[in-house]
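Raw contents of entry.txt, compact mmCIF, C-alpha atoms and all ligand atoms:
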```txt
# COMPACT_ATOMS: atom_id res chain seq x y z
CA MET U 1 0.00 0.00 0.00
CA LEU U 2 2.81 2.35 0.94
CA LEU U 3 4.83 1.43 -2.13
CA LYS U 4 1.82 2.03 -4.39
CA ALA U 5 1.10 5.39 -2.72
CA THR U 6 4.76 6.41 -3.05
CA SER U 7 5.02 5.32 -6.70
CA THR U 8 1.75 7.00 -7.67
CA THR U 9 2.77 10.28 -6.04
CA ARG U 10 6.17 10.16 -7.75
CA GLU U 11 4.54 9.46 -11.12
CA LEU U 12 2.11 12.35 -10.64
CA ILE U 13 4.96 14.71 -9.84
CA GLU U 14 6.98 13.56 -12.83
CA ARG U 15 4.06 13.82 -15.26
CA ILE U 16 2.41 17.00 -14.05
CA LEU U 17 5.08 19.30 -12.66
CA PRO U 18 7.75 21.06 -14.69
CA GLU U 19 11.17 19.43 -14.59
CA ASN U 20 12.52 21.71 -11.89
CA GLY U 21 9.42 21.38 -9.65
CA VAL U 22 9.91 20.21 -6.02
CA PRO U 23 13.22 18.41 -6.60
CA SER U 24 13.49 17.29 -2.97
CA LEU U 25 10.18 15.42 -3.10
CA ARG U 26 10.92 13.98 -6.52
CA ILE U 27 14.31 12.65 -5.37
CA VAL U 28 13.18 11.34 -2.00
CA LEU U 29 10.18 9.47 -3.43
CA ASN U 30 12.49 7.78 -5.85
CA LYS U 31 14.79 6.68 -3.03
CA VAL U 32 11.98 5.56 -0.72
CA GLU U 33 10.47 3.57 -3.59
CA SER U 34 13.78 1.80 -4.15
CA VAL U 35 14.15 0.90 -0.45
CA LEU U 36 10.51 -0.20 -0.14
CA THR U 37 10.85 -2.45 -3.19
CA ARG U 38 13.89 -4.10 -1.63
CA TYR U 39 12.20 -4.48 1.76
CA ILE U 40 9.11 -6.04 0.20
CA GLU U 41 11.30 -8.59 -1.58
CA LYS U 42 13.03 -9.36 1.71
CA ALA U 43 9.68 -9.74 3.48
CA GLU U 44 8.56 -12.14 0.75
CA GLU U 45 11.72 -14.17 1.38
CA GLY U 46 10.51 -14.56 4.95
CA LEU U 47 12.85 -12.18 6.77
CA PRO U 48 11.45 -10.90 10.09
CA ILE U 49 9.48 -7.65 10.03
CA VAL U 50 10.50 -5.35 12.86
CA GLY U 51 8.32 -2.34 13.64
CA TYR U 52 10.06 0.59 15.28
CA HIS U 53 9.15 3.92 16.78
CA PHE U 54 10.44 6.85 14.71
CA SER U 55 12.65 7.98 17.59
CA PHE U 56 14.65 4.74 17.47
CA PRO U 57 17.29 5.47 14.78
CA VAL U 58 16.53 2.89 12.11
CA GLU U 59 20.18 2.25 11.22
CA TYR U 60 20.58 0.52 14.60
CA LEU U 61 18.27 -2.24 13.34
CA LEU U 62 20.51 -2.91 10.37
CA CYS U 63 22.67 -5.19 12.56
CA PHE U 64 19.94 -7.74 11.72
CA ASP U 65 18.80 -9.19 8.44
CA CYS U 66 15.29 -7.83 8.85
CA VAL U 67 12.68 -5.56 7.32
CA PRO U 68 12.40 -2.41 9.47
CA VAL U 69 9.07 -0.57 9.31
CA CYS U 70 8.50 2.74 11.06
CA LEU U 71 4.97 2.82 12.47
CA GLU U 72 4.66 6.59 12.75
CA ALA U 73 6.16 7.27 9.31
CA THR U 74 3.73 4.80 7.73
CA SER U 75 0.78 6.61 9.36
CA TYR U 76 1.98 10.01 8.23
CA PHE U 77 3.20 9.00 4.76
CA LEU U 78 -0.26 7.61 4.09
CA ALA U 79 -1.83 10.69 5.71
CA THR U 80 -0.06 12.81 3.13
CA PHE U 81 -0.28 10.53 0.06
CA LEU U 82 -3.83 9.12 0.23
CA ALA U 83 -7.00 11.05 -0.53
CA GLY U 84 -8.67 11.15 2.90
CA GLY U 85 -5.30 10.45 4.52
CA SER U 86 -5.19 7.98 7.39
CA GLU U 87 -8.49 9.25 8.83
CA TYR U 88 -10.27 5.91 8.41
CA TYR U 89 -7.66 4.29 10.68
CA TYR U 90 -7.82 7.06 13.30
CA ASP U 91 -11.59 6.59 13.45
CA LEU U 92 -11.22 2.84 13.72
CA MET U 93 -9.08 3.31 16.82
CA ASN U 94 -11.29 6.04 18.29
CA ASN U 95 -14.29 3.74 17.91
CA TRP U 96 -12.32 0.91 19.47
CA GLY U 97 -11.92 3.11 22.55
CA HIS U 98 -8.51 4.73 22.21
CA PRO U 99 -8.60 8.39 23.41
CA PHE U 100 -9.26 10.82 20.55
CA HIS U 101 -6.60 13.28 21.77
CA THR U 102 -3.64 10.90 21.43
CA CYS U 103 -1.01 11.13 18.72
CA THR U 104 -2.25 10.27 15.24
CA SER U 105 1.23 9.06 14.29
CA GLN U 106 0.68 6.05 16.54
CA LYS U 107 -3.10 5.96 16.23
CA GLY U 108 -2.93 5.48 12.45
CA ALA U 109 -0.59 2.50 12.85
CA MET U 110 -2.79 1.06 15.59
CA GLY U 111 -5.87 1.33 13.36
CA MET U 112 -3.95 -0.30 10.49
CA SER U 113 -2.97 -3.11 12.80
CA LEU U 114 -6.59 -3.52 13.91
CA ASP U 115 -7.54 -3.67 10.23
CA ASP U 116 -4.97 -6.47 9.70
CA LEU U 117 -2.71 -4.37 7.45
CA PHE U 118 0.32 -4.88 9.66
CA LYS U 119 1.97 -8.08 10.86
CA PHE U 120 5.11 -7.68 12.95
CA ASP U 121 7.55 -10.25 14.25
CA ALA U 122 8.63 -7.77 16.92
CA LEU U 123 8.40 -4.10 17.85
CA ILE U 124 10.97 -1.85 19.46
CA SER U 125 10.51 1.64 20.90
CA PRO U 126 12.22 3.88 23.43
CA THR U 127 10.14 5.07 26.38
CA ALA U 128 10.13 8.45 24.65
CA PRO U 129 9.35 11.09 23.54
CA CYS U 130 5.96 11.35 25.22
CA ASP U 131 3.14 9.79 27.19
CA CYS U 132 1.23 9.13 23.96
CA THR U 133 3.96 6.78 22.83
CA ILE U 134 4.28 4.99 26.14
CA ALA U 135 0.54 4.63 26.55
CA SER U 136 -0.08 3.53 22.96
CA TYR U 137 2.56 0.87 22.37
CA PRO U 138 1.22 -1.67 24.89
CA PHE U 139 -1.78 -1.99 22.56
CA PHE U 140 0.49 -3.86 20.14
CA LYS U 141 1.58 -6.24 22.87
CA TYR U 142 -1.69 -6.90 24.65
CA LYS U 143 -4.20 -6.62 21.82
CA GLU U 144 -2.15 -7.73 18.83
CA ASN U 145 0.28 -10.06 20.67
CA TYR U 146 3.42 -8.73 19.01
CA PRO U 147 6.57 -9.10 21.11
CA LEU U 148 7.36 -5.56 22.32
CA ILE U 149 10.69 -4.23 23.53
CA MET U 150 10.59 -0.87 25.31
CA VAL U 151 14.09 0.58 25.71
CA ASP U 152 14.20 2.77 28.81
CA LEU U 153 15.25 6.30 27.87
CA PRO U 154 16.01 8.57 30.84
CA PHE U 155 14.58 12.05 31.25
CA LEU U 156 17.77 13.79 32.38
CA HIS U 157 20.37 14.51 29.70
CA GLN U 158 23.49 13.96 31.79
CA GLU U 159 26.63 11.88 31.31
CA LYS U 160 25.34 9.05 33.52
CA SER U 161 22.10 8.99 31.47
CA TYR U 162 24.04 8.44 28.25
CA TYR U 163 25.84 5.43 29.77
CA TYR U 164 22.54 4.07 31.06
CA TYR U 165 20.83 4.40 27.69
CA ALA U 166 23.84 2.82 25.92
CA ASP U 167 23.30 -0.26 28.13
CA GLN U 168 19.59 -0.17 27.38
CA LEU U 169 20.29 -0.12 23.64
CA LYS U 170 22.62 -3.10 23.95
CA LEU U 171 20.07 -5.04 25.98
CA GLY U 172 17.25 -4.04 23.63
CA LEU U 173 19.09 -5.20 20.51
CA SER U 174 20.17 -8.43 22.18
CA HIS U 175 16.56 -9.08 23.28
CA LEU U 176 15.30 -8.34 19.78
CA GLY U 177 17.88 -10.75 18.33
CA LYS U 178 16.58 -13.53 20.59
CA ILE U 179 13.00 -12.91 19.46
CA ILE U 180 13.82 -12.99 15.75
CA GLY U 181 16.44 -15.74 16.11
CA GLN U 182 19.49 -13.74 15.01
CA GLU U 183 22.73 -12.53 16.58
CA PRO U 184 23.40 -8.78 16.12
CA ASP U 185 26.07 -8.30 13.44
CA PHE U 186 28.15 -5.39 14.74
CA LYS U 187 30.14 -5.08 11.53
CA LYS U 188 26.93 -4.35 9.63
CA LEU U 189 25.85 -1.96 12.39
CA LYS U 190 29.15 -0.10 12.09
CA GLU U 191 28.71 0.26 8.31
CA ALA U 192 25.18 1.65 8.69
CA ILE U 193 26.34 4.11 11.36
CA GLU U 194 29.29 5.27 9.24
CA LEU U 195 26.91 5.92 6.37
CA GLU U 196 24.70 8.01 8.65
CA ASN U 197 27.77 9.91 9.91
CA GLN U 198 28.28 10.99 6.30
CA VAL U 199 24.60 11.98 5.98
CA ASN U 200 24.94 14.05 9.14
CA ARG U 201 27.93 15.94 7.71
CA ILE U 202 26.06 16.70 4.49
CA LYS U 203 22.96 17.87 6.36
CA PHE U 204 25.16 20.12 8.45
CA GLU U 205 26.57 21.68 5.28
CA ILE U 206 23.06 22.23 3.90
CA PHE U 207 22.08 23.77 7.21
CA GLU U 208 24.94 26.26 7.01
CA LEU U 209 23.77 27.31 3.53
CA ILE U 210 20.24 27.91 4.86
CA LYS U 211 21.70 30.86 6.80
CA ALA U 212 22.06 32.72 3.49
CA THR U 213 19.41 35.19 2.36
CA PRO U 214 17.53 34.09 0.31
CA SER U 215 17.57 30.56 1.64
CA PRO U 216 18.68 28.17 -1.10
CA VAL U 217 16.52 25.34 0.24
CA GLU U 218 12.90 24.79 -0.77
CA ASN U 219 10.27 24.26 1.94
CA MET U 220 9.52 20.76 0.71
CA TYR U 221 13.03 19.74 1.76
CA ASN U 222 11.73 19.60 5.35
CA PRO U 223 9.23 16.73 5.00
CA SER U 224 11.41 15.05 2.37
CA SER U 225 14.47 15.04 4.58
CA ALA U 226 12.44 13.98 7.64
CA GLY U 227 10.93 11.06 5.73
CA SER U 228 14.32 10.01 4.47
CA TYR U 229 15.97 10.33 7.89
CA ILE U 230 13.32 8.31 9.68
CA PHE U 231 12.33 5.73 7.10
CA ILE U 232 15.42 4.91 5.04
CA GLY U 233 18.26 5.86 7.42
CA GLY U 234 21.36 3.67 7.10
CA THR U 235 20.76 2.93 3.40
CA PRO U 236 22.80 4.12 0.40
CA GLU U 237 19.59 5.73 -0.88
CA ASN U 238 19.48 8.08 2.11
CA LEU U 239 23.07 9.15 1.48
CA ALA U 240 22.35 9.62 -2.25
CA PHE U 241 19.29 11.80 -1.48
CA HIS U 242 21.34 14.12 0.71
CA LYS U 243 24.23 14.29 -1.75
CA GLU U 244 21.86 15.33 -4.56
CA MET U 245 20.20 17.90 -2.33
CA LEU U 246 23.54 19.38 -1.32
CA GLU U 247 24.46 19.89 -4.98
CA ILE U 248 21.12 21.58 -5.73
CA THR U 249 21.48 23.77 -2.64
CA LYS U 250 25.04 24.79 -3.51
CA THR U 251 24.04 25.76 -7.06
CA ARG U 252 21.17 27.90 -5.81
CA TYR U 253 23.42 29.47 -3.20
CA LYS U 254 26.06 30.39 -5.79
CA ASN U 255 23.39 31.92 -8.04
CA ASN U 256 21.69 33.68 -5.11
CA GLU U 257 18.49 31.88 -6.14
CA HIS U 258 15.38 31.16 -4.14
CA TYR U 259 13.01 28.35 -5.05
CA GLY U 260 9.52 29.31 -6.22
CA GLY U 261 9.99 33.09 -6.49
CA GLU U 262 11.14 35.89 -4.21
CA GLU U 263 11.78 35.14 -0.53
CA ARG U 264 9.75 37.66 1.44
CA VAL U 265 9.57 36.15 4.91
CA ARG U 266 11.88 33.71 6.71
CA SER U 267 10.14 31.48 9.25
CA ILE U 268 11.26 28.76 11.64
CA TRP U 269 8.81 26.04 12.67
CA PRO U 270 10.25 24.70 15.92
CA TYR U 271 7.75 21.84 16.05
CA MET U 272 5.94 20.04 13.24
CA ILE U 273 4.68 20.76 9.78
CA THR U 274 1.29 19.64 8.44
CA TRP U 275 1.79 15.98 7.66
CA PHE U 276 -1.83 15.66 6.54
CA SER U 277 -0.98 17.98 3.65
CA ILE U 278 2.69 18.63 2.97
CA ASP U 279 1.72 20.60 -0.16
CA LEU U 280 1.28 23.54 2.24
CA MET U 281 5.09 23.83 2.08
CA GLU U 282 5.02 24.37 -1.68
CA TRP U 283 2.09 26.80 -1.43
CA LEU U 284 3.96 28.92 1.12
CA ASP U 285 7.04 29.09 -1.12
CA ARG U 286 5.10 29.98 -4.26
CA ASN U 287 2.16 32.03 -2.98
CA LEU U 288 3.50 33.90 0.03
CA GLY U 289 7.26 33.81 -0.54
CA LEU U 290 7.50 32.38 2.97
CA SER U 291 10.51 30.17 3.65
CA VAL U 292 10.17 27.42 6.21
CA LEU U 293 13.88 27.33 7.07
CA PHE U 294 13.51 24.15 9.10
CA ASP U 295 11.15 22.22 11.36
CA ILE U 296 11.67 19.90 14.32
CA PHE U 297 12.88 16.97 12.23
CA ASN U 298 15.66 18.93 10.59
CA TYR U 299 17.58 20.88 13.20
CA ASN U 300 19.05 18.16 15.40
CA PHE U 301 22.65 17.27 14.82
CA ALA U 302 24.42 14.57 16.77
CA ASP U 303 28.18 14.31 16.94
CA PRO U 304 29.50 11.68 14.53
CA ILE U 305 29.48 8.28 16.23
CA ASP U 306 32.96 6.91 16.88
CA THR U 307 33.08 3.53 15.15
CA ASN U 308 36.85 3.05 15.33
CA SER U 309 37.25 2.48 19.07
CA ASP U 310 35.59 -0.36 20.98
CA LEU U 311 31.95 -1.44 20.96
CA ASP U 312 31.18 0.38 24.24
CA THR U 313 32.33 3.68 22.74
CA MET U 314 30.16 3.07 19.67
CA PHE U 315 27.11 2.36 21.86
CA LEU U 316 27.79 5.50 23.89
CA GLY U 317 27.71 7.50 20.65
CA MET U 318 24.52 5.70 19.62
CA SER U 319 23.02 6.56 22.99
CA LYS U 320 23.84 10.27 22.65
CA LYS U 321 22.36 10.33 19.16
CA GLY U 322 19.23 8.50 20.35
CA MET U 323 18.70 10.80 23.33
CA ASP U 324 19.19 13.91 21.21
CA PHE U 325 17.03 12.63 18.38
CA SER U 326 14.37 14.89 16.88
CA MET U 327 11.42 15.35 19.23
CA VAL U 328 13.12 13.21 21.89
CA LYS U 329 15.56 16.00 22.69
CA GLN U 330 12.77 18.59 22.93
CA SER U 331 10.27 16.45 24.80
CA THR U 332 12.47 14.72 27.35
CA GLU U 333 14.22 17.79 28.67
CA PHE U 334 13.13 20.80 30.63
CA PHE U 335 11.99 23.63 28.38
CA GLU U 336 14.85 26.11 29.03
CA PRO U 337 17.33 24.60 26.53
CA PHE U 338 14.58 24.57 23.88
CA ILE U 339 13.88 28.28 24.43
CA ASP U 340 17.62 29.03 24.37
CA TYR U 341 18.35 27.33 21.10
CA CYS U 342 15.21 28.74 19.46
CA VAL U 343 16.40 32.26 20.34
CA ASN U 344 19.85 31.46 18.95
CA PHE U 345 18.36 29.95 15.77
CA ALA U 346 16.30 33.11 15.24
CA LYS U 347 19.49 35.20 15.36
CA ASP U 348 21.78 32.83 13.41
CA PHE U 349 19.28 32.22 10.61
CA SER U 350 17.94 35.80 10.39
CA ALA U 351 14.38 34.60 10.98
CA ASP U 352 11.55 37.13 10.64
CA CYS U 353 9.15 35.01 12.66
CA PHE U 354 8.38 31.65 14.22
CA ILE U 355 5.32 29.55 13.41
CA TYR U 356 4.55 27.22 16.24
CA THR U 357 2.23 24.33 15.56
CA GLN U 358 0.88 22.93 18.81
CA SER U 359 -0.40 19.41 18.33
CA ILE U 360 -3.37 18.26 20.35
CA ALA U 361 -1.31 15.16 21.23
CA CYS U 362 1.85 16.77 22.61
CA LYS U 363 0.64 17.52 26.13
CA GLN U 364 4.20 17.77 27.42
CA PHE U 365 4.72 20.85 25.27
CA GLY U 366 1.40 22.60 25.87
CA SER U 367 2.82 25.29 28.17
CA VAL U 368 5.89 26.13 26.11
CA PRO U 369 4.50 28.28 23.23
CA GLN U 370 3.67 31.33 25.35
CA LEU U 371 7.11 31.25 27.00
CA LEU U 372 8.78 30.93 23.62
CA ARG U 373 6.69 33.76 22.19
CA GLU U 374 7.78 36.07 25.04
CA ALA U 375 11.44 35.06 24.70
CA LEU U 376 11.45 35.70 20.94
CA ARG U 377 9.74 39.06 21.40
CA ASP U 378 12.07 40.18 24.23
CA GLU U 379 15.37 38.75 22.97
CA VAL U 380 15.05 39.00 19.19
CA GLY U 381 12.08 41.31 18.59
CA ILE U 382 10.24 38.91 16.29
CA PRO U 383 6.66 37.58 16.54
CA MET U 384 5.41 34.03 16.76
CA LEU U 385 2.20 32.67 15.27
CA LEU U 386 0.63 29.82 17.23
CA ILE U 387 -1.64 27.36 15.41
CA GLU U 388 -3.26 24.47 17.22
CA PHE U 389 -3.68 21.40 15.06
CA ASP U 390 -3.37 17.68 14.64
CA ALA U 391 -0.30 16.93 12.52
CA GLY U 392 -1.92 13.95 10.79
CA ASP U 393 -5.61 14.81 10.75
CA ALA U 394 -6.92 17.68 8.61
CA ARG U 395 -10.28 17.63 10.39
CA MET U 396 -8.97 19.53 13.40
CA THR U 397 -7.38 22.49 11.60
CA SER U 398 -7.79 22.31 7.86
CA LEU U 399 -5.35 23.26 5.14
CA LYS U 400 -7.65 26.19 4.28
CA THR U 401 -7.47 27.50 7.85
CA PHE U 402 -3.69 27.15 7.85
CA LYS U 403 -3.45 29.16 4.64
CA GLU U 404 -5.76 31.87 5.97
CA LYS U 405 -4.01 32.21 9.33
CA ILE U 406 -0.53 32.34 7.82
CA SER U 407 -1.62 34.78 5.07
CA MET U 408 -3.05 37.16 7.68
CA PHE U 409 0.06 36.81 9.84
CA VAL U 410 2.36 37.55 6.89
CA GLN U 411 0.41 40.74 6.18
CA THR U 412 1.38 42.01 9.63
CA LEU U 413 5.07 41.39 8.83
CA ILE U 414 5.45 43.07 5.45
S1 LIG Y 501 5.86 14.24 20.98
FE1 LIG Y 501 3.85 14.77 20.12
S2 LIG Y 501 4.01 14.41 17.88
FE2 LIG Y 501 5.79 13.41 18.88
S3 LIG Y 501 5.09 11.28 19.12
FE3 LIG Y 501 4.62 12.37 21.04
S4 LIG Y 501 2.52 13.14 20.84
FE4 LIG Y 501 3.24 12.52 18.78
```

Can I see the file as structure tokens?
Ligand code: SF4
Amino acid sequence: MLLKATSTTRELIERILPENGVPSLRIVLNKVESVLTRYIEKAEEGLPIVGYHFSFPVEYLLCFDCVPVCLEATSYFLATFLAGGSEYYYDLMNNWGHPFHTCTSQKGAMGMSLDDLFKFDALISPTAPCDCTIASYPFFKYKENYPLIMVDLPFLHQEKSYYYYADQLKLGLSHLGKIIGQEPDFKKLKEAIELENQVNRIKFEIFELIKATPSPVENMYNPSSAGSYIFIGGTPENLAFHKEMLEITKTRYKNNEHYGGEERVRSIWPYMITWFSIDLMEWLDRNLGLSVLFDIFNYNFADPIDTNSDLDTMFLGMSKKGMDFSMVKQSTEFFEPFIDYCVNFAKDFSADCFIYTQSIACKQFGSVPQLLREALRDEVGIPMLLIEFDAGDARMTSLKTFKEKISMFVQTLI
């Protein structure tokens, strides 16, 4: 289903849009299609299917010969690719009795599981980033009877926490190996991590170029890069996507070019974009000249993981990356560091404004927007628009409402 949705969207883009239209989406769909095709072949050969939470870096699972499937990415890919999104599956779960205000990224996958679309040999998730995750995953164990491994991720981000989580990762992978009848292959793990170290360096370079005015990166790079990072991490396709994007970005930078017309407003979205309709990104570029410089899935950079020392050092690096992963970093810390780096981002990237999307599901972040708004006003002198929404369900705040609110907000800036 996901492969068909991905292929159809890619075909539509190739047939309808001009050749230079949304290159990031065009390239990433091609890469995701290639990985999905390979994974489907592997599943047909009988390799175990391992479901994972998006905040568990997928390359860590490549120490096994398995088919990794991200539950949350599947929900949100289908939310964005299918007419009607994943709404049918949200409703299925709501009717089953799951609370309506939980995260649709998990709820979609739960509904798909209830509808017999998923079959997992095992599932693995950290106890992060939020209560929605921790309260939703037991459904898969108790209702669907899938073996579930929850890797305990500490709240404090201190040195001792990194050591603790490194042990948890080791235990989790060893436990997973026992369930699927395989020994972890640390040589393969090392290769996947080294590949992601390269991706990280490229993303960092792209990020530096985003500081230029106009930004040389199109808005659609945000969901494309997030999808690639979460769904096909550790694969040559992910590296190829980022290499191609770096070349496009460098060319635009040299020519002082902005995608889709003149850049009029530079915005930072410190939380999520609208996964129910990622075409909003393109509309903002073309209709309002509003750059979305980056969103939550694109501004976290871990130090490269040391793969040349011993295994313990490698796991410590994996732990630091896992604990500072997108959304985990923000949601498992106190809010002060988040406010601090948002203020610094605003200065470093010459942002004109912030657009904060508060999801109905992210209770742990409900009190932060007002504090952030005050900090941005007092420290940088820029405004913040707050929009409440559900990232995967257009029925809460529609695309039309998003367009209207942002259009009105932009009028106050120009
Ligand atoms: S932090 Fe928010 S968006 Fe992320 S998984 Fe939890 S509820 Fe969903």

Ligand LIG 501 (chain Y) neighbours within 7 Å using all atoms listed in the file, as a list in words: Thr102, Cys103, Thr104, Ser105, Pro129, Cys130, Asp131, Cys132, Thr133, Met327, Ser331, Ser359, Ala361 and Cys362 of chain U

Counting only C-alpha atoms, the residue of U:Leu117, U:Ile13, U:Ala351, U:Leu169 that sits nearest U:Leu316: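 Ranked by minimum distance to U:Leu316, first place goes to U:Leu169.
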
Atom CA of U:Leu114 to atom CA of U:Tyr76, distance in Å rounded to a single decimal: 17.0 Å

Can you pull out the residues contacting U:Gly21? Cut-off 12 Å, using all atoms listed in the file, and skip same-chain residues under 5 positions away; I want them as an mmCIF file with C-alpha atoms, keeping the file's coordinate frame.
```cif
data_model
loop_
_atom_site.group_PDB
_atom_site.id
_atom_site.type_symbol
_atom_site.label_atom_id
_atom_site.label_comp_id
_atom_site.auth_asym_id
_atom_site.auth_seq_id
_atom_site.Cartn_x
_atom_site.Cartn_y
_atom_site.Cartn_z
ATOM 1 C CA ARG U 10 6.170 10.160 -7.750
ATOM 2 C CA LEU U 12 2.110 12.350 -10.640
ATOM 3 C CA ILE U 13 4.960 14.710 -9.840
ATOM 4 C CA GLU U 14 6.980 13.560 -12.830
ATOM 5 C CA ARG U 15 4.060 13.820 -15.260
ATOM 6 C CA ILE U 16 2.410 17.000 -14.050
ATOM 7 C CA ARG U 26 10.920 13.980 -6.520
ATOM 8 C CA ILE U 27 14.310 12.650 -5.370
ATOM 9 C CA GLU U 218 12.900 24.790 -0.770
ATOM 10 C CA ASN U 219 10.270 24.260 1.940
ATOM 11 C CA MET U 220 9.520 20.760 0.710
ATOM 12 C CA TYR U 259 13.010 28.350 -5.050
ATOM 13 C CA GLY U 260 9.520 29.310 -6.220
ATOM 14 C CA GLU U 282 5.020 24.370 -1.680
ATOM 15 C CA ASP U 285 7.040 29.090 -1.120
ATOM 16 C CA ARG U 286 5.100 29.980 -4.260
#
```

Non-local contacts of U:Leu280 (9 Å; all atoms listed in the file; under 4 positions in same chain excluded) as JSON, numbers by chain: {"U": [220, 273, 274, 284, 285, 399, 402, 403]}

Gap from atom CA of U:Leu148 to atom CA of U:Ala302 - Å, one decimal: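 Separation between atom CA of U:Leu148 and atom CA of U:Ala302: 27.0 Å.
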
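If you measure from each of U:Met281, U:Met318, U:Leu153, U:Leu173 to U:Glu333 using only C-alpha atoms, the closest one turns out to be U:Leu153.
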
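Proximity of U:Leu385, U:Leu17, U:Leu3, U:Met93 to U:Val35, computed with only C-alpha atoms, is greatest for U:Leu3.
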
Separation of atom CA of U:Asp306 from atom CA of U:Val328, in Å and rounded to one decimal: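 If I compute the distance from atom CA of U:Asp306 to atom CA of U:Val328, I get 21.4 Å.
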
Residue among U:Tyr164, U:Asp185, U:Lys107, U:Leu92 lying closest to U:Cys66, counting only C-alpha atoms: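 Among U:Tyr164, U:Asp185, U:Lys107, U:Leu92, it is U:Asp185 that comes nearest to U:Cys66.
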
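Minimum distance to U:Gln198 across U:Ile305, U:Ile149, U:Ile49, U:Cys63 (counting only C-alpha atoms) occurs at U:Ile305.
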
Just want the 9 Å neighbourhood of U:Glu196, counted on all atoms listed in the file, with same-chain residues fewer than 2 positions away dropped. Output as a tab-separated table (two decimals) with C-alpha atoms, in the coordinates of the input.
```
chain	number	residue	atom	x	y	z
U	59	GLU	CA	20.18	2.25	11.22
U	191	GLU	CA	28.71	0.26	8.31
U	192	ALA	CA	25.18	1.65	8.69
U	193	ILE	CA	26.34	4.11	11.36
U	194	GLU	CA	29.29	5.27	9.24
U	198	GLN	CA	28.28	10.99	6.30
U	199	VAL	CA	24.60	11.98	5.98
U	200	ASN	CA	24.94	14.05	9.14
U	201	ARG	CA	27.93	15.94	7.71
U	233	GLY	CA	18.26	5.86	7.42
U	234	GLY	CA	21.36	3.67	7.10
U	235	THR	CA	20.76	2.93	3.40
U	238	ASN	CA	19.48	8.08	2.11
U	239	LEU	CA	23.07	9.15	1.48
U	304	PRO	CA	29.50	11.68	14.53
U	305	ILE	CA	29.48	8.28	16.23
```

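Each of U:Thr127, U:Thr8, U:Thr74, U:Leu176 was compared to U:Leu61 using only C-alpha atoms, and U:Leu176 turns out to be the nearest.
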
Stretch 364-377 of chain U environment, 8 Å, all atoms listed in the file, sequence neighbours closer than 4 positions dropped, as a list in words: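 Contacts, in chain order: Cys130, Ser331, Phe335, Ile339, Cys342, Val343, Ala346, Tyr356, Gln358, Gly381, Ile382, Pro383, Met384 and Leu386 of chain U.
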
All residues 12 Å or closer to U:Asp115, all atoms listed in the file, same chain fewer than 6 positions away omitted, as number ranges by chain: U: 88-93, 96, 108-109, 144

Only N, CA, C and O atoms needed: put stretch 384-392 of chain U from the block into a file as a tab-separated table (two decimals), in the first residue's frame.
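The result, stored in decode_24.tsv:
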```tsv
chain	number	residue	atom	x	y	z
U	384	MET	N	5.64	35.48	16.97
U	384	MET	CA	5.41	34.03	16.76
U	384	MET	C	3.91	33.79	16.56
U	384	MET	O	3.10	34.27	17.34
U	385	LEU	N	3.60	33.06	15.51
U	385	LEU	CA	2.20	32.67	15.27
U	385	LEU	C	2.00	31.27	15.87
U	385	LEU	O	2.82	30.38	15.64
U	386	LEU	N	0.93	31.13	16.64
U	386	LEU	CA	0.63	29.82	17.23
U	386	LEU	C	-0.61	29.25	16.53
U	386	LEU	O	-1.64	29.91	16.44
U	387	ILE	N	-0.48	28.02	16.03
U	387	ILE	CA	-1.64	27.36	15.41
U	387	ILE	C	-1.81	26.00	16.08
U	387	ILE	O	-0.88	25.18	16.09
U	388	GLU	N	-2.98	25.78	16.63
U	388	GLU	CA	-3.26	24.47	17.22
U	388	GLU	C	-3.76	23.55	16.13
U	388	GLU	O	-4.55	23.96	15.27
U	389	PHE	N	-3.31	22.30	16.16
U	389	PHE	CA	-3.68	21.40	15.06
U	389	PHE	C	-3.47	19.95	15.46
U	389	PHE	O	-3.05	19.65	16.58
U	390	ASP	N	-3.78	19.07	14.51
U	390	ASP	CA	-3.37	17.68	14.64
U	390	ASP	C	-2.50	17.42	13.41
U	390	ASP	O	-2.97	17.58	12.27
U	391	ALA	N	-1.26	17.03	13.63
U	391	ALA	CA	-0.30	16.93	12.52
U	391	ALA	C	-0.73	15.96	11.43
U	391	ALA	O	-0.33	16.09	10.27
U	392	GLY	N	-1.57	14.97	11.79
U	392	GLY	CA	-1.92	13.95	10.79
U	392	GLY	C	-3.38	13.95	10.40
U	392	GLY	O	-3.81	13.13	9.59
```
